[in-house]
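The data block below is protein.csv; it holds CSV, C-alpha atoms.
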```
chain,number,residue,atom,x,y,z
O,639,MET,CA,-22.2,-76.9,-38.3
O,640,LYS,CA,-25.2,-76.6,-36.1
O,641,ARG,CA,-23.3,-78.3,-33.4
O,642,ASP,CA,-20.4,-75.9,-33.8
O,643,ASP,CA,-22.7,-72.9,-33.4
O,644,GLU,CA,-24.2,-74.4,-30.2
O,645,GLN,CA,-20.8,-75.1,-28.8
O,646,PHE,CA,-19.8,-71.5,-29.7
O,647,ASP,CA,-22.9,-70.1,-28.0
O,648,ALA,CA,-22.3,-72.2,-24.9
O,649,ASP,CA,-18.6,-71.2,-24.7
O,650,LEU,CA,-19.6,-67.5,-25.2
O,651,LYS,CA,-22.2,-67.7,-22.4
O,652,ALA,CA,-19.7,-69.4,-20.1
O,653,HIS,CA,-17.1,-66.8,-20.8
O,654,TYR,CA,-19.6,-64.0,-20.3
O,655,GLN,CA,-20.7,-65.5,-16.9
O,656,LYS,CA,-17.1,-65.9,-15.8
O,657,ARG,CA,-16.3,-62.2,-16.7
O,658,LYS,CA,-19.5,-61.0,-15.1
O,659,ALA,CA,-18.6,-62.8,-11.9
O,660,GLN,CA,-15.1,-61.3,-12.0
O,661,HIS,CA,-16.3,-57.7,-12.6
O,662,THR,CA,-19.5,-57.5,-10.6
O,663,LEU,CA,-19.3,-55.5,-7.3
O,664,SER,CA,-20.3,-57.2,-4.1
O,665,PRO,CA,-22.9,-55.4,-1.9
O,666,GLU,CA,-20.1,-54.3,0.5
O,667,GLN,CA,-18.2,-52.8,-2.5
O,668,LEU,CA,-21.3,-51.0,-3.6
O,669,THR,CA,-21.8,-49.5,-0.1
O,670,GLN,CA,-18.2,-48.5,0.0
O,671,MET,CA,-18.5,-46.8,-3.4
O,672,GLN,CA,-21.5,-44.8,-2.3
O,673,LYS,CA,-19.9,-43.5,0.9
O,674,PRO,CA,-17.5,-41.0,-0.7
O,675,GLN,CA,-20.4,-39.5,-2.6
O,676,GLN,CA,-22.2,-38.9,0.7
O,677,ALA,CA,-19.1,-37.4,2.3
O,678,ARG,CA,-18.6,-35.1,-0.7
O,679,SER,CA,-22.2,-33.9,-0.3
O,680,LYS,CA,-21.5,-33.2,3.4
O,681,GLN,CA,-18.3,-31.4,2.5
O,682,GLN,CA,-20.2,-29.2,0.0
O,683,ARG,CA,-22.8,-28.4,2.5
O,684,PHE,CA,-20.1,-27.5,5.1
O,685,LEU,CA,-18.3,-25.3,2.4
O,686,GLY,CA,-21.6,-23.6,1.7
O,687,LEU,CA,-22.1,-22.8,5.4
O,688,GLN,CA,-18.5,-21.5,5.6
O,689,MET,CA,-19.1,-19.2,2.7
O,690,THR,CA,-22.4,-18.0,4.2
O,691,GLY,CA,-20.5,-17.2,7.5
O,692,VAL,CA,-17.8,-15.3,5.6
O,693,PHE,CA,-20.3,-13.2,3.8
O,694,ALA,CA,-22.2,-12.5,7.0
O,695,ALA,CA,-18.9,-11.5,8.7
O,696,LEU,CA,-18.0,-9.2,5.8
O,697,ALA,CA,-21.5,-7.6,5.9
O,698,ILE,CA,-21.1,-6.9,9.7
O,699,LEU,CA,-17.6,-5.5,9.1
O,700,GLY,CA,-18.9,-3.2,6.3
O,701,PHE,CA,-21.7,-2.0,8.6
O,702,ILE,CA,-19.3,-1.2,11.4
O,703,MET,CA,-16.9,0.6,9.1
O,704,LEU,CA,-19.8,2.6,7.6
O,705,GLN,CA,-20.9,3.6,11.1
O,706,TYR,CA,-17.3,4.5,12.1
O,707,ASN,CA,-16.9,6.7,9.0
O,708,ASN,CA,-20.2,8.5,9.6
O,709,ARG,CA,-19.1,9.2,13.2
O,710,GLU,CA,-15.8,10.6,11.9
O,711,LEU,CA,-17.6,12.9,9.5
O,712,THR,CA,-19.6,14.5,12.3
O,713,ASP,CA,-16.4,15.6,14.0
O,714,VAL,CA,-14.9,17.4,11.1
O,715,TYR,CA,-14.7,21.2,11.4
O,716,ALA,CA,-15.0,22.8,8.0
O,717,VAL,CA,-14.6,26.4,7.1
O,718,ASP,CA,-15.5,28.4,4.0
O,719,LEU,CA,-12.8,31.0,3.5
O,720,SER,CA,-15.3,33.4,1.8
O,721,ASP,CA,-17.1,33.8,5.1
O,722,TYR,CA,-14.2,35.7,6.5
O,723,HIS,CA,-13.3,39.3,5.8
O,724,TRP,CA,-9.6,38.9,6.5
O,725,LEU,CA,-7.1,36.1,6.5
O,726,GLU,CA,-4.0,36.6,8.8
O,727,VAL,CA,-0.9,34.7,7.7
O,728,HIS,CA,1.9,34.2,10.2
O,729,GLU,CA,5.2,32.6,9.2
O,730,LEU,CA,9.0,32.8,9.3
O,731,ASP,CA,10.6,33.7,6.0
O,732,ALA,CA,13.7,32.1,4.4
O,733,LYS,CA,16.0,34.3,6.5
O,734,GLY,CA,14.2,33.3,9.8
O,735,SER,CA,12.4,36.7,10.2
O,736,TYR,CA,8.9,36.7,11.5
O,737,VAL,CA,6.4,37.8,8.9
O,738,SER,CA,2.7,38.4,9.5
O,739,ASN,CA,0.2,40.0,7.1
O,740,LEU,CA,-3.4,40.3,6.3
O,741,LYS,CA,-4.8,38.9,3.1
O,742,GLN,CA,-8.0,40.6,2.1
O,743,GLN,CA,-10.8,38.1,1.2
O,744,LYS,CA,-13.5,40.6,0.2
O,745,GLN,CA,-13.5,44.0,-1.3
O,746,THR,CA,-13.4,46.5,1.6
O,747,LEU,CA,-12.3,50.1,2.0
O,748,ASP,CA,-8.7,51.0,2.8
O,749,ALA,CA,-9.9,52.4,6.1
O,750,ASP,CA,-11.2,49.1,7.2
O,751,TYR,CA,-7.9,47.5,6.3
O,752,GLN,CA,-6.0,50.1,8.4
O,753,HIS,CA,-8.3,49.6,11.3
O,754,ALA,CA,-7.9,45.8,11.2
O,755,LEU,CA,-4.1,46.1,10.9
O,756,ALA,CA,-4.0,48.3,14.0
O,757,ALA,CA,-6.2,45.9,15.9
O,758,HIS,CA,-4.0,43.1,14.8
O,759,GLN,CA,-0.8,44.8,16.1
O,760,THR,CA,-2.3,45.9,19.4
O,761,ARG,CA,-3.9,42.8,20.7
O,762,THR,CA,-1.9,40.6,23.0
O,763,ARG,CA,-4.1,37.6,23.4
O,764,PHE,CA,-7.1,36.1,21.6
O,765,THR,CA,-8.9,32.8,21.4
O,766,GLY,CA,-9.9,30.8,18.3
O,767,ARG,CA,-10.9,27.3,17.2
O,768,LEU,CA,-8.6,25.2,15.1
O,769,VAL,CA,-10.8,24.6,12.0
O,770,SER,CA,-8.3,23.1,9.5
O,771,VAL,CA,-5.0,21.3,9.6
O,772,ASP,CA,-2.9,20.7,6.6
O,773,ASN,CA,0.8,21.6,6.6
O,774,ASP,CA,-0.5,25.0,7.9
O,775,TRP,CA,-3.1,25.6,10.6
O,776,TYR,CA,-6.2,27.7,10.2
O,777,ILE,CA,-7.7,29.2,13.4
O,778,ALA,CA,-11.1,30.9,13.4
O,779,ASP,CA,-10.9,33.9,15.8
O,780,CYS,CA,-13.7,33.8,18.4
O,781,GLU,CA,-13.8,37.6,18.9
O,782,GLN,CA,-13.6,39.0,15.4
O,783,ASN,CA,-14.5,37.7,12.0
O,784,ILE,CA,-10.9,36.8,11.2
O,785,LEU,CA,-9.3,33.6,10.0
O,786,VAL,CA,-5.7,33.2,11.2
O,787,GLN,CA,-3.3,31.0,9.2
O,788,ILE,CA,-0.1,29.9,10.9
O,789,LYS,CA,2.5,28.5,8.5
O,790,GLN,CA,4.6,25.4,9.2
O,791,SER,CA,7.7,27.4,9.6
O,792,LEU,CA,6.3,29.3,12.6
O,793,LEU,CA,4.8,26.1,14.1
O,794,GLU,CA,8.2,24.5,14.1
O,795,GLU,CA,9.7,27.6,15.7
O,796,LEU,CA,7.1,27.6,18.5
O,797,GLN,CA,7.6,23.9,19.1
O,798,LYS,CA,11.4,24.5,19.5
O,799,HIS,CA,10.7,27.1,22.2
O,800,GLY,CA,8.2,24.9,23.9
O,801,THR,CA,5.3,27.4,23.4
O,802,LEU,CA,3.3,25.1,21.1
O,803,ASP,CA,0.9,22.7,22.8
O,804,THR,CA,1.5,19.3,21.1
O,805,HIS,CA,-1.9,17.8,22.0
O,806,ILE,CA,-4.0,20.1,19.8
O,807,HIS,CA,-6.5,18.5,17.5
O,808,GLN,CA,-8.9,20.0,14.9
O,809,GLY,CA,-11.9,21.6,16.6
O,810,ASP,CA,-10.0,22.5,19.8
O,811,LEU,CA,-10.4,25.9,21.4
O,812,LEU,CA,-7.0,27.7,21.5
O,813,ALA,CA,-5.4,30.7,23.2
O,814,LEU,CA,-2.9,32.6,21.1
O,815,ASP,CA,-0.5,35.0,22.8
O,816,GLN,CA,1.1,37.8,20.9
O,817,ASN,CA,3.9,40.2,21.7
O,818,GLN,CA,3.6,44.0,21.3
O,819,GLN,CA,4.4,43.8,17.5
O,820,GLY,CA,1.5,41.4,17.0
O,821,GLN,CA,3.7,38.3,16.5
O,822,ILE,CA,2.3,35.1,17.9
O,823,ILE,CA,4.6,33.8,20.6
O,824,ALA,CA,2.6,31.0,22.1
O,825,LEU,CA,-0.3,28.7,21.1
O,826,LYS,CA,-2.0,26.6,23.9
O,827,GLN,CA,-5.1,24.5,24.1
O,828,LEU,CA,-7.9,25.9,26.3
O,829,THR,CA,-9.2,23.1,28.5
O,830,HIS,CA,-11.8,25.0,30.6
O,831,GLU,CA,-15.2,25.8,29.3
O,832,ALA,CA,-15.4,29.3,30.6
O,833,VAL,CA,-14.4,30.8,27.2
O,834,LYS,CA,-17.1,30.3,24.5
O,835,CYS,CA,-16.3,30.3,20.8
O,836,GLU,CA,-19.2,30.1,18.3
O,837,SER,CA,-17.1,30.1,15.2
```
Write out the structure in this file as structure tokens.
Amino acid sequence: MKRDDEQFDADLKAHYQKRKAQHTLSPEQLTQMQKPQQARSKQQRFLGLQMTGVFAALAILGFIMLQYNNRELTDVYAVDLSDYHWLEVHELDAKGSYVSNLKQQKQTLDADYQHALAAHQTRTRFTGRLVSVDNDWYIADCEQNILVQIKQSLLEELQKHGTLDTHIHQGDLLALDQNQQGQIIALKQLTHEAVKCES
């Protein structure tokens, strides 16, 4: 029995050595197995650099957009309607008739209203600054403390007749022509600096 155990041990060792020789990696195979790990490490470093570059580009873009938005905000002309005594509204009604009226912003005497209405009907030309553009335009009169609102219906009519300057932007100084009834008949941009408007 002792002999059988020794033979068994010898057979087991021989089988182990044979299997070890079959499954052991050669030095070339070990080197080859390690290469993909090194490549993966380089790829991860490259991906990290790419992500850093993307974040840096986004940060620069965000800074540029912030600067652009701040520049835009400085060009905005804002107006507080309560600073004006009167608000003129000019429009065409549903029948196509020209309608203009004054809306009282603050409590004033009837005499002041009549005086403003008379001045409104007698002037033939005035200047103002375009302070707000929505569907309607708001123009701050340079000579009087009056805010003039021109409704979209009148703007369309002026454009049809070619008496509306199409290159007007918010903040531009404008000349408004009126007929003898006080109706606005033309609206043009003033390009010269001779006329000053502090509104």
Selection: 8 Å around Leu802 of chain O, all atoms listed in the file, excl. self and same-chain fewer than 3 positions, as a ChimeraX atom specification: /O:793,796-797,799,824-826
How would the residues just chosen look if you wrote them out with C-alpha atoms as a tab-separated table (two decimals), keeping the file's coordinate frame?
```
chain	number	residue	atom	x	y	z
O	793	LEU	CA	4.80	26.10	14.10
O	796	LEU	CA	7.10	27.60	18.50
O	797	GLN	CA	7.60	23.90	19.10
O	799	HIS	CA	10.70	27.10	22.20
O	824	ALA	CA	2.60	31.00	22.10
O	825	LEU	CA	-0.30	28.70	21.10
O	826	LYS	CA	-2.00	26.60	23.90
```
Need the shell around Lys733 of chain O: protein/DNA/RNA residues with any atom at most 12 Å away, counting all atoms listed in the file. Skip same-chain ones fewer than 4 positions apart. Format as a PyMOL selection string? chain O and resi 729+737+791
Take the residues that were just selected and, keeping C-alpha atoms, output them as a PDB file, in the frame of the given file.
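Saved result, again.pdb, follows:
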```
ATOM      1  CA  GLU O 729       5.200  32.600   9.200  1.00  0.00           C
ATOM      2  CA  VAL O 737       6.400  37.800   8.900  1.00  0.00           C
ATOM      3  CA  SER O 791       7.700  27.400   9.600  1.00  0.00           C
TER       4      SER O 791
END
```
Could you check which of O:Tyr736, O:Asp731, O:Leu668, O:Gln681 is closest to Gly820 of chain O, using only C-alpha atoms?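 Of O:Tyr736, O:Asp731, O:Leu668, O:Gln681, the one nearest Gly820 of chain O is O:Tyr736, counting only C-alpha atoms.
In this model, the gap between atom CA of Phe701 of chain O and atom CA of Met689 of chain O comes to 18.4 Å.
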When distances are computed from all atoms listed in the file, which of O:Gln821, O:Thr829, O:Thr690, O:Thr669 shows the smallest separation from Ser735 of chain O? O:Gln821
In Å to one decimal, how far is atom CA of His807 of chain O from atom CA of Glu781 of chain O? 20.5 Å
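Distances from O:Ile698, O:Leu663, O:Ala813, O:Ala732 to Thr801 of chain O were compared using only C-alpha atoms, and the smallest one belongs to O:Ala813.
The spacing separating atom CA of His723 of chain O from atom CA of Glu795 of chain O amounts to 27.6 Å.
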Shell around segment 762-773 of chain O at 9 Å using all atoms listed in the file, local window under 6 positions removed, as JSON, numbers by chain: {"O": [714, 715, 716, 717, 779, 780, 781, 785, 786, 789, 790, 806, 807, 808, 809, 810, 811, 812, 813, 814, 815, 816, 817, 818, 819, 820, 821, 822, 828, 833, 835, 836, 837]}
If you keep N, CA and C atoms, can you output segment 760-797 of chain O as a PDB file, in the first residue's frame?
```pdb
ATOM      1  N   THR O 760     -52.459 121.699 -31.644  1.00  0.00           N
ATOM      2  CA  THR O 760     -51.877 122.790 -32.442  1.00  0.00           C
ATOM      3  C   THR O 760     -50.452 122.517 -32.892  1.00  0.00           C
ATOM      4  N   ARG O 761     -49.739 121.655 -32.250  1.00  0.00           N
ATOM      5  CA  ARG O 761     -48.355 121.442 -32.684  1.00  0.00           C
ATOM      6  C   ARG O 761     -48.332 120.619 -33.970  1.00  0.00           C
ATOM      7  N   THR O 762     -47.334 120.899 -34.795  1.00  0.00           N
ATOM      8  CA  THR O 762     -47.244 120.206 -36.082  1.00  0.00           C
ATOM      9  C   THR O 762     -46.034 119.274 -36.142  1.00  0.00           C
ATOM     10  N   ARG O 763     -45.082 119.482 -35.262  1.00  0.00           N
ATOM     11  CA  ARG O 763     -43.897 118.620 -35.257  1.00  0.00           C
ATOM     12  C   ARG O 763     -43.301 118.615 -33.856  1.00  0.00           C
ATOM     13  N   PHE O 764     -42.844 117.453 -33.425  1.00  0.00           N
ATOM     14  CA  PHE O 764     -42.128 117.369 -32.158  1.00  0.00           C
ATOM     15  C   PHE O 764     -41.140 116.222 -32.227  1.00  0.00           C
ATOM     16  N   THR O 765     -40.219 116.229 -31.297  1.00  0.00           N
ATOM     17  CA  THR O 765     -39.208 115.181 -31.247  1.00  0.00           C
ATOM     18  C   THR O 765     -39.367 114.378 -29.970  1.00  0.00           C
ATOM     19  N   GLY O 766     -38.946 113.139 -30.030  1.00  0.00           N
ATOM     20  CA  GLY O 766     -39.031 112.270 -28.861  1.00  0.00           C
ATOM     21  C   GLY O 766     -38.089 111.096 -29.021  1.00  0.00           C
ATOM     22  N   ARG O 767     -37.912 110.366 -27.928  1.00  0.00           N
ATOM     23  CA  ARG O 767     -37.043 109.192 -27.942  1.00  0.00           C
ATOM     24  C   ARG O 767     -37.907 107.947 -27.771  1.00  0.00           C
ATOM     25  N   LEU O 768     -37.661 106.943 -28.621  1.00  0.00           N
ATOM     26  CA  LEU O 768     -38.377 105.676 -28.517  1.00  0.00           C
ATOM     27  C   LEU O 768     -37.857 104.951 -27.272  1.00  0.00           C
ATOM     28  N   VAL O 769     -38.705 104.824 -26.248  1.00  0.00           N
ATOM     29  CA  VAL O 769     -38.261 104.264 -24.971  1.00  0.00           C
ATOM     30  C   VAL O 769     -38.771 102.854 -24.743  1.00  0.00           C
ATOM     31  N   SER O 770     -39.768 102.418 -25.475  1.00  0.00           N
ATOM     32  CA  SER O 770     -40.284 101.061 -25.278  1.00  0.00           C
ATOM     33  C   SER O 770     -40.937 100.582 -26.556  1.00  0.00           C
ATOM     34  N   VAL O 771     -40.717  99.308 -26.873  1.00  0.00           N
ATOM     35  CA  VAL O 771     -41.319  98.703 -28.053  1.00  0.00           C
ATOM     36  C   VAL O 771     -41.945  97.386 -27.627  1.00  0.00           C
ATOM     37  N   ASP O 772     -43.234  97.278 -27.744  1.00  0.00           N
ATOM     38  CA  ASP O 772     -43.925  96.001 -27.594  1.00  0.00           C
ATOM     39  C   ASP O 772     -44.697  95.854 -28.894  1.00  0.00           C
ATOM     40  N   ASN O 773     -45.973  95.590 -28.820  1.00  0.00           N
ATOM     41  CA  ASN O 773     -46.788  95.696 -30.031  1.00  0.00           C
ATOM     42  C   ASN O 773     -47.008  97.167 -30.349  1.00  0.00           C
ATOM     43  N   ASP O 774     -47.084  98.003 -29.310  1.00  0.00           N
ATOM     44  CA  ASP O 774     -47.231  99.445 -29.479  1.00  0.00           C
ATOM     45  C   ASP O 774     -45.888 100.102 -29.158  1.00  0.00           C
ATOM     46  N   TRP O 775     -45.718 101.349 -29.588  1.00  0.00           N
ATOM     47  CA  TRP O 775     -44.485 102.081 -29.320  1.00  0.00           C
ATOM     48  C   TRP O 775     -44.772 103.163 -28.291  1.00  0.00           C
ATOM     49  N   TYR O 776     -43.822 103.421 -27.422  1.00  0.00           N
ATOM     50  CA  TYR O 776     -43.897 104.517 -26.458  1.00  0.00           C
ATOM     51  C   TYR O 776     -42.740 105.471 -26.761  1.00  0.00           C
ATOM     52  N   ILE O 777     -43.083 106.751 -26.961  1.00  0.00           N
ATOM     53  CA  ILE O 777     -42.091 107.764 -27.305  1.00  0.00           C
ATOM     54  C   ILE O 777     -42.153 108.863 -26.252  1.00  0.00           C
ATOM     55  N   ALA O 778     -41.016 109.149 -25.616  1.00  0.00           N
ATOM     56  CA  ALA O 778     -40.935 110.217 -24.615  1.00  0.00           C
ATOM     57  C   ALA O 778     -40.671 111.524 -25.345  1.00  0.00           C
ATOM     58  N   ASP O 779     -41.628 112.466 -25.252  1.00  0.00           N
ATOM     59  CA  ASP O 779     -41.530 113.761 -25.903  1.00  0.00           C
ATOM     60  C   ASP O 779     -40.368 114.543 -25.281  1.00  0.00           C
ATOM     61  N   CYS O 780     -39.501 115.121 -26.140  1.00  0.00           N
ATOM     62  CA  CYS O 780     -38.339 115.859 -25.650  1.00  0.00           C
ATOM     63  C   CYS O 780     -38.713 117.235 -25.099  1.00  0.00           C
ATOM     64  N   GLU O 781     -39.773 117.850 -25.616  1.00  0.00           N
ATOM     65  CA  GLU O 781     -40.075 119.231 -25.265  1.00  0.00           C
ATOM     66  C   GLU O 781     -41.024 119.350 -24.081  1.00  0.00           C
ATOM     67  N   GLN O 782     -41.876 118.374 -23.886  1.00  0.00           N
ATOM     68  CA  GLN O 782     -42.850 118.429 -22.796  1.00  0.00           C
ATOM     69  C   GLN O 782     -42.769 117.116 -22.030  1.00  0.00           C
ATOM     70  N   ASN O 783     -43.364 117.110 -20.873  1.00  0.00           N
ATOM     71  CA  ASN O 783     -43.345 115.907 -20.044  1.00  0.00           C
ATOM     72  C   ASN O 783     -44.499 115.000 -20.458  1.00  0.00           C
ATOM     73  N   ILE O 784     -44.455 114.529 -21.712  1.00  0.00           N
ATOM     74  CA  ILE O 784     -45.558 113.743 -22.277  1.00  0.00           C
ATOM     75  C   ILE O 784     -44.980 112.439 -22.832  1.00  0.00           C
ATOM     76  N   LEU O 785     -45.689 111.375 -22.602  1.00  0.00           N
ATOM     77  CA  LEU O 785     -45.349 110.082 -23.180  1.00  0.00           C
ATOM     78  C   LEU O 785     -46.367 109.792 -24.273  1.00  0.00           C
ATOM     79  N   VAL O 786     -45.895 109.529 -25.476  1.00  0.00           N
ATOM     80  CA  VAL O 786     -46.765 109.300 -26.632  1.00  0.00           C
ATOM     81  C   VAL O 786     -46.776 107.802 -26.926  1.00  0.00           C
ATOM     82  N   GLN O 787     -47.975 107.227 -26.923  1.00  0.00           N
ATOM     83  CA  GLN O 787     -48.127 105.815 -27.273  1.00  0.00           C
ATOM     84  C   GLN O 787     -48.727 105.739 -28.671  1.00  0.00           C
ATOM     85  N   ILE O 788     -48.106 104.976 -29.554  1.00  0.00           N
ATOM     86  CA  ILE O 788     -48.623 104.802 -30.910  1.00  0.00           C
ATOM     87  C   ILE O 788     -48.976 103.335 -31.076  1.00  0.00           C
ATOM     88  N   LYS O 789     -50.238 103.076 -31.339  1.00  0.00           N
ATOM     89  CA  LYS O 789     -50.735 101.700 -31.426  1.00  0.00           C
ATOM     90  C   LYS O 789     -50.313 101.057 -32.751  1.00  0.00           C
ATOM     91  N   GLN O 790     -50.339  99.733 -32.733  1.00  0.00           N
ATOM     92  CA  GLN O 790     -49.927  98.947 -33.898  1.00  0.00           C
ATOM     93  C   GLN O 790     -50.749  99.282 -35.141  1.00  0.00           C
ATOM     94  N   SER O 791     -52.018  99.580 -34.962  1.00  0.00           N
ATOM     95  CA  SER O 791     -52.879  99.892 -36.114  1.00  0.00           C
ATOM     96  C   SER O 791     -52.376 101.125 -36.862  1.00  0.00           C
ATOM     97  N   LEU O 792     -51.946 102.146 -36.128  1.00  0.00           N
ATOM     98  CA  LEU O 792     -51.428 103.351 -36.777  1.00  0.00           C
ATOM     99  C   LEU O 792     -50.053 103.086 -37.386  1.00  0.00           C
ATOM    100  N   LEU O 793     -49.218 102.315 -36.706  1.00  0.00           N
ATOM    101  CA  LEU O 793     -47.898 101.985 -37.252  1.00  0.00           C
ATOM    102  C   LEU O 793     -48.034 101.289 -38.608  1.00  0.00           C
ATOM    103  N   GLU O 794     -48.996 100.367 -38.700  1.00  0.00           N
ATOM    104  CA  GLU O 794     -49.222  99.665 -39.974  1.00  0.00           C
ATOM    105  C   GLU O 794     -49.683 100.633 -41.058  1.00  0.00           C
ATOM    106  N   GLU O 795     -50.541 101.578 -40.687  1.00  0.00           N
ATOM    107  CA  GLU O 795     -51.037 102.547 -41.663  1.00  0.00           C
ATOM    108  C   GLU O 795     -49.912 103.472 -42.140  1.00  0.00           C
ATOM    109  N   LEU O 796     -49.081 103.932 -41.216  1.00  0.00           N
ATOM    110  CA  LEU O 796     -47.944 104.784 -41.591  1.00  0.00           C
ATOM    111  C   LEU O 796     -46.982 104.026 -42.502  1.00  0.00           C
ATOM    112  N   GLN O 797     -46.804 102.761 -42.230  1.00  0.00           N
ATOM    113  CA  GLN O 797     -45.897 101.946 -43.054  1.00  0.00           C
ATOM    114  C   GLN O 797     -46.465 101.789 -44.471  1.00  0.00           C
TER     115      GLN O 797
END
```
